[in-house]
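Participant: Here you go, query.txt (compact mmCIF, C-alpha atoms and all ligand atoms):
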```txt
# COMPACT_ATOMS: atom_id res chain seq x y z
CA MET A 1 237.34 -11.58 257.00
CA SER A 2 240.89 -10.22 257.07
CA ASN A 3 241.55 -11.81 253.65
CA LEU A 4 238.87 -9.59 252.12
CA PRO A 5 240.04 -6.29 250.67
CA LEU A 6 238.91 -3.45 252.93
CA LEU A 7 237.21 -1.75 250.00
CA SER A 8 236.22 -3.37 246.76
CA ILE A 9 234.54 -1.34 244.05
CA THR A 10 233.39 -3.55 241.17
CA GLY A 11 232.01 -2.44 237.81
CA LEU A 12 230.68 0.84 239.18
CA THR A 13 228.72 2.61 236.47
CA ALA A 14 226.83 5.89 236.83
CA VAL A 15 225.15 8.49 234.66
CA SER A 16 224.31 12.15 235.15
CA ASP A 17 220.61 12.96 234.90
CA ARG A 18 221.58 16.63 235.05
CA ASP A 19 223.63 16.26 231.87
CA GLY A 20 221.14 14.26 229.79
CA GLY A 21 222.23 10.81 230.97
CA ALA A 22 225.91 11.34 230.16
CA SER A 23 228.30 8.73 231.57
CA VAL A 24 229.95 9.71 234.83
CA LEU A 25 231.54 6.37 235.78
CA ARG A 26 232.20 3.58 233.29
CA ASP A 27 232.66 0.13 234.81
CA VAL A 28 235.10 1.31 237.48
CA SER A 29 236.78 -1.34 239.61
CA LEU A 30 239.21 -0.62 242.41
CA ARG A 31 240.48 -2.53 245.45
CA LEU A 32 242.01 -1.12 248.58
CA ALA A 33 243.80 -3.26 251.15
CA ARG A 34 243.87 -2.47 254.86
CA GLY A 35 246.45 0.18 255.64
CA GLU A 36 247.03 1.08 251.97
CA VAL A 37 247.25 4.66 250.68
CA HIS A 38 245.53 4.64 247.29
CA GLY A 39 245.62 7.63 244.96
CA LEU A 40 242.49 8.27 242.90
CA VAL A 41 243.77 10.62 240.26
CA GLY A 42 242.43 12.37 237.20
CA GLU A 43 241.67 15.74 235.66
CA SER A 44 238.58 17.74 236.50
CA GLY A 45 235.42 15.79 235.58
CA ALA A 46 237.18 12.40 235.64
CA GLY A 47 234.78 11.10 238.31
CA LYS A 48 237.01 11.14 241.40
CA SER A 49 234.57 12.98 243.65
CA THR A 50 231.68 10.85 242.44
CA ILE A 51 233.51 7.72 243.63
CA ALA A 52 234.31 9.38 246.97
CA LYS A 53 230.66 10.47 247.35
CA ALA A 54 229.40 6.97 246.52
CA LEU A 55 231.56 5.70 249.39
CA LEU A 56 230.30 8.29 251.82
CA GLY A 57 226.65 7.84 250.84
CA ILE A 58 226.33 11.43 249.63
CA LEU A 59 225.81 11.03 245.88
CA PRO A 60 223.69 13.88 244.48
CA ARG A 61 220.20 12.81 243.38
CA THR A 62 221.11 13.78 239.83
CA VAL A 63 223.88 11.16 239.66
CA ARG A 64 222.34 7.71 239.17
CA VAL A 65 224.26 4.48 239.73
CA THR A 66 223.24 2.05 237.00
CA GLY A 67 225.48 -0.88 237.90
CA GLY A 68 228.20 -2.30 240.10
CA SER A 69 228.88 -2.52 243.81
CA VAL A 70 230.88 -0.74 246.51
CA ARG A 71 231.81 -3.30 249.15
CA PHE A 72 233.32 -2.21 252.44
CA GLU A 73 234.46 -5.44 254.07
CA GLU A 74 231.38 -7.62 253.53
CA ARG A 75 228.79 -4.81 253.24
CA ASP A 76 227.59 -3.20 249.98
CA LEU A 77 227.42 0.50 250.76
CA LEU A 78 225.08 1.14 247.82
CA THR A 79 222.28 -1.08 249.13
CA LEU A 80 222.72 -0.68 252.89
CA PRO A 81 219.76 0.87 254.76
CA SER A 82 220.48 4.50 255.62
CA GLY A 83 220.71 3.83 259.39
CA ALA A 84 223.39 1.17 258.89
CA LEU A 85 225.26 3.43 256.47
CA ARG A 86 225.25 6.31 258.98
CA GLN A 87 226.81 3.95 261.53
CA ILE A 88 229.69 3.22 259.15
CA ILE A 89 230.32 6.81 258.03
CA GLY A 90 232.26 8.59 260.74
CA ASN A 91 232.90 5.43 262.75
CA GLU A 92 234.59 3.31 260.11
CA ILE A 93 234.97 5.66 257.16
CA ALA A 94 235.94 9.29 257.77
CA LEU A 95 236.52 12.25 255.46
CA ILE A 96 239.26 14.83 255.29
CA PRO A 97 237.52 17.51 253.22
CA GLN A 98 238.97 19.72 250.53
CA ASP A 99 238.32 23.10 252.09
CA PRO A 100 239.17 23.51 255.77
CA GLN A 101 237.51 26.94 255.66
CA THR A 102 233.98 25.66 255.10
CA ALA A 103 234.24 22.23 256.72
CA LEU A 104 234.29 23.53 260.29
CA ASN A 105 231.25 25.15 261.89
CA PRO A 106 232.22 28.84 262.24
CA GLY A 107 230.02 29.33 265.32
CA ARG A 108 231.45 26.57 267.53
CA ARG A 109 234.76 26.29 269.34
CA ILE A 110 237.20 23.60 268.13
CA GLU A 111 236.76 21.66 271.38
CA ALA A 112 233.05 21.10 270.74
CA GLN A 113 233.70 20.06 267.15
CA LEU A 114 236.42 17.58 268.12
CA THR A 115 234.68 16.05 271.12
CA ASP A 116 231.09 15.60 269.80
CA GLY A 117 231.99 12.35 268.01
CA LEU A 118 234.00 11.02 270.94
CA ARG A 119 231.13 11.59 273.36
CA MET A 120 228.35 10.37 271.06
CA ASN A 121 230.07 7.46 269.32
CA ARG A 122 232.55 6.38 271.96
CA GLY A 123 230.53 7.18 275.07
CA MET A 124 233.31 9.31 276.56
CA SER A 125 232.61 11.75 279.39
CA GLY A 126 233.35 15.44 278.77
CA ARG A 127 236.61 15.11 280.71
CA GLN A 128 237.73 12.00 278.79
CA ALA A 129 236.86 13.57 275.46
CA HIS A 130 238.77 16.75 276.42
CA ALA A 131 241.88 14.70 277.26
CA ARG A 132 241.56 12.72 274.01
CA ALA A 133 241.14 15.93 272.00
CA ILE A 134 244.37 17.29 273.49
CA SER A 135 246.30 14.16 272.59
CA LEU A 136 244.81 14.18 269.07
CA LEU A 137 245.93 17.79 268.55
CA GLU A 138 249.40 16.86 269.80
CA GLU A 139 249.47 14.00 267.30
CA VAL A 140 248.87 16.44 264.46
CA HIS A 141 251.72 18.60 265.81
CA ILE A 142 249.68 21.46 267.21
CA ARG A 143 251.92 23.02 269.82
CA ASP A 144 249.37 24.78 271.98
CA PRO A 145 246.39 22.40 272.04
CA LEU A 146 244.58 24.15 274.91
CA ARG A 147 244.53 27.46 273.07
CA VAL A 148 243.35 25.77 269.87
CA LEU A 149 240.53 23.92 271.68
CA GLU A 150 239.28 27.29 272.96
CA ALA A 151 239.49 28.92 269.52
CA TYR A 152 236.84 29.45 266.87
CA PRO A 153 237.79 28.32 263.33
CA HIS A 154 238.35 31.88 262.04
CA GLU A 155 241.07 32.38 264.66
CA LEU A 156 243.20 29.63 263.06
CA SER A 157 245.26 29.60 259.85
CA GLY A 158 244.19 27.36 256.93
CA GLY A 159 246.97 24.89 257.74
CA MET A 160 245.93 24.74 261.42
CA ARG A 161 242.30 24.18 260.45
CA GLN A 162 243.34 21.34 258.16
CA ARG A 163 245.34 19.79 261.05
CA VAL A 164 242.22 19.97 263.23
CA LEU A 165 240.19 18.24 260.49
CA ILE A 166 242.85 15.53 260.18
CA ALA A 167 242.70 15.02 263.96
CA ALA A 168 238.89 14.81 263.71
CA ALA A 169 239.06 12.30 260.83
CA PHE A 170 241.34 9.97 262.79
CA SER A 171 239.61 10.53 266.16
CA LEU A 172 237.29 7.52 266.00
CA GLU A 173 240.02 5.21 264.64
CA PRO A 174 238.29 4.63 261.28
CA LYS A 175 239.42 1.82 258.99
CA LEU A 176 239.33 4.10 255.94
CA VAL A 177 239.93 7.83 255.53
CA VAL A 178 238.81 9.49 252.31
CA ALA A 179 241.02 12.53 251.68
CA ASP A 180 239.35 14.74 249.06
CA GLU A 181 242.07 16.99 247.59
CA PRO A 182 242.98 17.99 251.16
CA THR A 183 245.84 20.27 250.18
CA THR A 184 244.30 22.14 247.24
CA ALA A 185 243.29 25.17 249.31
CA LEU A 186 246.71 25.49 251.01
CA ASP A 187 249.95 27.15 249.96
CA VAL A 188 252.82 24.99 248.73
CA THR A 189 254.94 24.75 251.90
CA VAL A 190 251.91 23.94 254.06
CA GLN A 191 250.79 21.37 251.45
CA LYS A 192 254.00 19.37 251.95
CA GLN A 193 253.61 19.39 255.75
CA ILE A 194 249.99 18.27 255.50
CA LEU A 195 250.87 15.41 253.12
CA ARG A 196 253.59 14.22 255.50
CA LEU A 197 251.16 14.49 258.39
CA ILE A 198 248.46 12.41 256.68
CA ARG A 199 251.03 9.76 255.76
CA GLY A 200 252.39 9.78 259.33
CA MET A 201 248.90 9.45 260.88
CA GLN A 202 247.83 6.63 258.57
CA ASP A 203 251.08 4.81 259.23
CA LYS A 204 250.75 5.13 262.99
CA HIS A 205 247.09 4.09 263.06
CA GLY A 206 247.27 1.50 260.25
CA THR A 207 244.41 3.29 258.47
CA ALA A 208 243.75 2.91 254.73
CA VAL A 209 243.49 6.20 252.83
CA LEU A 210 241.74 6.88 249.52
CA PHE A 211 243.51 10.03 248.40
CA VAL A 212 241.61 12.01 245.76
CA THR A 213 243.86 14.32 243.76
CA HIS A 214 244.49 15.73 240.29
CA ASP A 215 248.22 15.89 241.04
CA LEU A 216 250.58 13.02 240.12
CA GLY A 217 253.29 14.75 242.19
CA VAL A 218 251.14 14.21 245.30
CA VAL A 219 250.61 10.57 244.31
CA ALA A 220 254.39 10.11 244.02
CA GLN A 221 254.87 11.50 247.51
CA ILE A 222 252.35 9.55 249.53
CA CYS A 223 250.50 6.80 247.65
CA ASP A 224 251.32 3.07 247.62
CA ARG A 225 248.99 2.39 244.71
CA VAL A 226 247.17 4.51 242.19
CA THR A 227 244.14 4.41 239.90
CA LEU A 228 244.10 6.91 237.04
CA LEU A 229 240.71 7.92 235.63
CA TYR A 230 239.72 9.79 232.51
CA SER A 231 236.09 10.64 231.79
CA GLY A 232 234.85 8.05 234.30
CA LYS A 233 237.02 5.20 232.98
CA VAL A 234 240.03 3.56 234.64
CA ILE A 235 242.93 4.18 232.28
CA GLU A 236 245.70 2.65 234.35
CA ALA A 237 246.11 1.20 237.85
CA GLY A 238 248.90 -0.39 239.84
CA SER A 239 251.64 0.30 242.33
CA THR A 240 252.74 3.94 242.28
CA ALA A 241 256.28 2.95 241.33
CA ASP A 242 255.08 0.84 238.36
CA VAL A 243 252.60 3.38 237.04
CA LEU A 244 254.86 6.43 237.41
CA ASP A 245 258.13 4.79 236.34
CA HIS A 246 256.72 2.53 233.62
CA PRO A 247 253.41 4.04 232.47
CA ALA A 248 251.62 1.69 230.08
CA HIS A 249 249.13 4.18 228.58
CA ALA A 250 249.98 7.15 226.36
CA TYR A 251 247.67 9.33 228.50
CA THR A 252 249.61 8.49 231.68
CA ARG A 253 252.88 9.32 229.90
CA ALA A 254 251.43 12.58 228.63
CA LEU A 255 250.12 13.54 232.08
CA LEU A 256 253.52 12.85 233.60
CA ALA A 257 255.13 15.09 231.00
CA ALA A 258 252.53 17.74 231.86
CA SER A 259 253.12 17.57 235.65
CA PRO A 260 255.84 19.56 237.38
CA ARG A 261 258.34 17.07 238.80
CA TYR A 262 259.15 17.74 242.45
CA ASP A 263 262.77 16.73 241.74
CA ARG A 264 263.01 18.80 238.51
CA PRO A 265 260.69 21.78 239.04
CA ASP A 266 262.31 23.93 236.37
CA GLU A 267 261.96 21.45 233.52
CA GLY A 268 259.64 22.55 230.71
CA LEU A 269 256.13 21.09 230.77
CA THR A 270 254.41 19.60 227.73
CA PRO A 271 250.62 19.81 227.44
CA VAL A 272 248.75 16.57 226.69
CA PRO A 273 248.87 16.28 222.85
CA PRO A 274 245.51 16.24 220.97
CA ALA A 275 246.40 12.80 219.51
CA VAL A 276 246.24 11.32 223.03
CA PHE A 277 242.71 12.67 223.53
CA ASP A 278 241.77 11.19 220.13
CA GLN A 279 243.10 7.83 221.32
CA LEU A 280 241.07 8.11 224.56
CA ARG A 281 237.90 8.87 222.57
CA ARG A 282 238.53 5.84 220.36
CA GLU A 283 238.98 3.64 223.45
CA ILE A 284 236.19 5.04 225.63
CA GLY A 285 233.62 6.43 223.20
CA THR A 286 232.91 9.65 221.37
CA ASP A 287 231.40 11.25 224.48
CA ALA A 288 234.67 10.83 226.42
CA GLY A 289 235.95 14.06 227.86
CA ILE A 290 232.91 16.16 227.05
CA HIS A 291 232.81 17.42 230.65
CA VAL A 292 236.54 18.11 230.97
N1 LIG A 301 225.47 17.13 241.11
C1 LIG A 301 225.70 16.51 239.94
N2 LIG A 301 224.65 16.08 239.21
C2 LIG A 301 224.85 15.46 238.02
N3 LIG A 301 226.06 15.23 237.48
C3 LIG A 301 227.13 15.62 238.18
C4 LIG A 301 227.02 16.27 239.43
N4 LIG A 301 228.26 16.55 239.90
C5 LIG A 301 229.11 16.10 238.95
N5 LIG A 301 228.44 15.53 237.93
C6 LIG A 301 229.02 14.94 236.73
O1 LIG A 301 229.91 13.92 237.10
C7 LIG A 301 231.10 14.00 236.33
C8 LIG A 301 232.28 13.71 237.20
O2 LIG A 301 232.39 14.75 238.17
P1 LIG A 301 233.30 14.61 239.45
O3 LIG A 301 233.02 15.80 240.31
O4 LIG A 301 233.16 13.25 240.02
O5 LIG A 301 234.75 14.74 238.80
P2 LIG A 301 236.13 15.01 239.52
O6 LIG A 301 237.10 14.10 238.87
O7 LIG A 301 235.96 14.87 240.99
O8 LIG A 301 236.42 16.50 239.11
P3 LIG A 301 236.92 17.73 240.03
O9 LIG A 301 238.38 17.49 240.24
O10 LIG A 301 236.64 18.91 239.16
O11 LIG A 301 236.10 17.70 241.29
C9 LIG A 301 231.14 15.38 235.74
O12 LIG A 301 231.31 15.21 234.37
C10 LIG A 301 229.81 16.01 236.02
O13 LIG A 301 229.13 16.33 234.82
```
Go ahead and render the structure in this file as structure tokens.

Facilitator:
Amino acid sequence: MSNLPLLSITGLTAVSDRDGGASVLRDVSLRLARGEVHGLVGESGAGKSTIAKALLGILPRTVRVTGGSVRFEERDLLTLPSGALRQIIGNEIALIPQDPQTALNPGRRIEAQLTDGLRMNRGMSGRQAHARAISLLEEVHIRDPLRVLEAYPHELSGGMRQRVLIAAAFSLEPKLVVADEPTTALDVTVQKQILRLIRGMQDKHGTAVLFVTHDLGVVAQICDRVTLLYSGKVIEAGSTADVLDHPAHAYTRALLAASPRYDRPDEGLTPVPPAVFDQLRREIGTDAGIHV
């Protein structure tokens, strides 16, 4: 089994019933090895969240998968009975959500939110779960874990809340963590710390991470491999070094020119030229980019 990729998406195709059957994913294939950090990158509407939702079994009813498979080890997540899927989500696949503000229950202390899973899924006693929660908070560099366990979410900063959610995501030792734009809601200095933290946690635990982002700068900082989407289609994929240093597609080159470089932040940025979008429409179809 260890020769199998951890995650193998093959030919995933989906349409939006909300938008008159428009294509959302077009024959998307993607493989993720154990312990790999894989960037899923693209502009708004590219289909990143749809892929993440397909993995987590939370596709909206109005998005219909019309082909392909999403294999996690030997199981196809798209055809698994809901009970079996629920067993996998949380235990083997966990989510770091985009917005730490809304992801925590405002009416419950952090301790309850961190220990529920440990007690229910790992059979820990209250005392064991409390001790594990403290060590998890220490792992995510929270200095005063006892105070944080006692706190309600609104008593913590956005960065602290995101650390708690990272601790929660890793708490059951999942094989895969899906990080859905986890730094978008944070300010720039906190963003860097959170990226380093996620990379550090995945390294320590040997967890694979599917990192959803619109930001190639983030990909450069933490991803081993990357898949670039446009309008539901894979435009380019490969190791981060290959794709960012030797982009094969004009769209990738244009996006790189349009992204602030962390090593040259003052350099002028060039918007993606219209000719590149024309090329994408020729390659993908005339409906490409209608949602962007
Ligand atoms: N609830 C929904 N019902 C039907 N179609 C949807 C729904 N949500 C999104 N879509 C369609 O799926 C397409 C891809 O959206 P998706 O959210 O996956 O893109 P994204 O790359 O994650 O963008 P963003 O960065 O803005 O979240 C969009 O074009 C949209 O029209």

Participant: Which residues form the shell of 7 Å around ligand LIG 301 (chain A) when you count only C-alpha atoms and all ligand atoms, given as a PyMOL selection string?

Facilitator: chain A and resi 16-19+24+42-51+60-63+214+232+291-292

Participant: Applying 8 Å and all atoms listed in the file, which residues near Ile194 (chain A) remain after dropping the ones on its own chain fewer than 5 positions away? List them as a PyMOL selection string.

Facilitator: chain A and resi 159+162-163+183

Participant: What's the 10 Å shell around Gly68 (chain A), counting all atoms listed in the file, without same-chain residues fewer than 5 positions away, as number ranges by chain?

Facilitator: A: 9-14, 26-29, 76, 78

Participant: Only C-alpha atoms, please: the residues just picked out, written as a PDB file, in the frame of the given file.

Facilitator:
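Here's the written file selection_0.pdb:
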```
ATOM      1  CA  ILE A   9     234.540  -1.340 244.050  1.00  0.00           C
ATOM      2  CA  THR A  10     233.390  -3.550 241.170  1.00  0.00           C
ATOM      3  CA  GLY A  11     232.010  -2.440 237.810  1.00  0.00           C
ATOM      4  CA  LEU A  12     230.680   0.840 239.180  1.00  0.00           C
ATOM      5  CA  THR A  13     228.720   2.610 236.470  1.00  0.00           C
ATOM      6  CA  ALA A  14     226.830   5.890 236.830  1.00  0.00           C
ATOM      7  CA  ARG A  26     232.200   3.580 233.290  1.00  0.00           C
ATOM      8  CA  ASP A  27     232.660   0.130 234.810  1.00  0.00           C
ATOM      9  CA  VAL A  28     235.100   1.310 237.480  1.00  0.00           C
ATOM     10  CA  SER A  29     236.780  -1.340 239.610  1.00  0.00           C
ATOM     11  CA  ASP A  76     227.590  -3.200 249.980  1.00  0.00           C
ATOM     12  CA  LEU A  78     225.080   1.140 247.820  1.00  0.00           C
TER      13      LEU A  78
END
```

Participant: Counting only C-alpha atoms, which residue out of A:Leu30, A:Ala112, A:Ala167, A:Ala257 sits closest to Pro273 (chain A)?

Facilitator: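 Checking each candidate against Pro273 (chain A), we get A:Ala257 as the closest.
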
Participant: Name the closest residue to Leu176 (chain A) among the candidates A:Pro106, A:Gly35, A:Pro5, A:Gly126; distances are taken between atoms, counting only C-alpha atoms.

Facilitator: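 Of all the options, A:Gly35 lies closest to Leu176 (chain A).
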
Participant: Please identify all polymer residues within 10 Å of Glu155 (chain A), counting all atoms listed in the file, omitting same-chain residues fewer than 6 positions from it, and present them as an mmCIF file with C-alpha atoms, keeping the file's coordinate frame.

Facilitator:
```cif
data_model
loop_
_atom_site.group_PDB
_atom_site.id
_atom_site.type_symbol
_atom_site.label_atom_id
_atom_site.label_comp_id
_atom_site.auth_asym_id
_atom_site.auth_seq_id
_atom_site.Cartn_x
_atom_site.Cartn_y
_atom_site.Cartn_z
ATOM 1 C CA PRO A 106 232.220 28.840 262.240
ATOM 2 C CA ARG A 109 234.760 26.290 269.340
ATOM 3 C CA VAL A 148 243.350 25.770 269.870
ATOM 4 C CA ARG A 161 242.300 24.180 260.450
#
```

Participant: Please measure the separation of CA of Thr102 (chain A) and CA of Ala185 (chain A), giving the value in Å to one decimal.

Facilitator: 11.0 Å

Participant: Go ahead and compute the interatomic distance for CA of Phe170 (chain A) and CA of Thr207 (chain A), in Å to one decimal.

Facilitator: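 About the pair CA of Phe170 (chain A) and CA of Thr207 (chain A): they are 8.5 Å apart.
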
Participant: Can you measure CA of His246 (chain A) to CA of Gly285 (chain A) for me? One decimal in Å is fine.

Facilitator: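 For CA of His246 (chain A) relative to CA of Gly285 (chain A), the distance reads 25.6 Å.
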
Participant: I need the residue nearest Leu77 (chain A) from this list: A:Thr240, A:Ser8, A:Ala129, A:Leu40. Use only C-alpha atoms for the distance.

Facilitator: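 Looking at the shortest contact to Leu77 (chain A), the residue is A:Ser8.
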
Participant: For Gln98 (chain A), which residue out of A:Val140, A:Met201, A:Ala168, A:Val212 is the nearest one, using only C-alpha atoms?

Facilitator: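 Looking at the shortest contact to Gln98 (chain A), the residue is A:Val212.
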
Participant: Using all atoms listed in the file, find the one residue out of A:Glu138, A:Asp278, A:Glu173, A:Asp242 that sits nearest to Asn91 (chain A).

Facilitator: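 Among the listed residues, the smallest separation from Asn91 (chain A) belongs to A:Glu173.
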
Participant: What's around Leu7 (chain A) at 8 Å? Count only C-alpha atoms, leave out sequence neighbours fewer than 4 positions away in its own chain, and write the answer as a VMD selection string.

Facilitator: chain A and resid 30 to 33 70 to 73
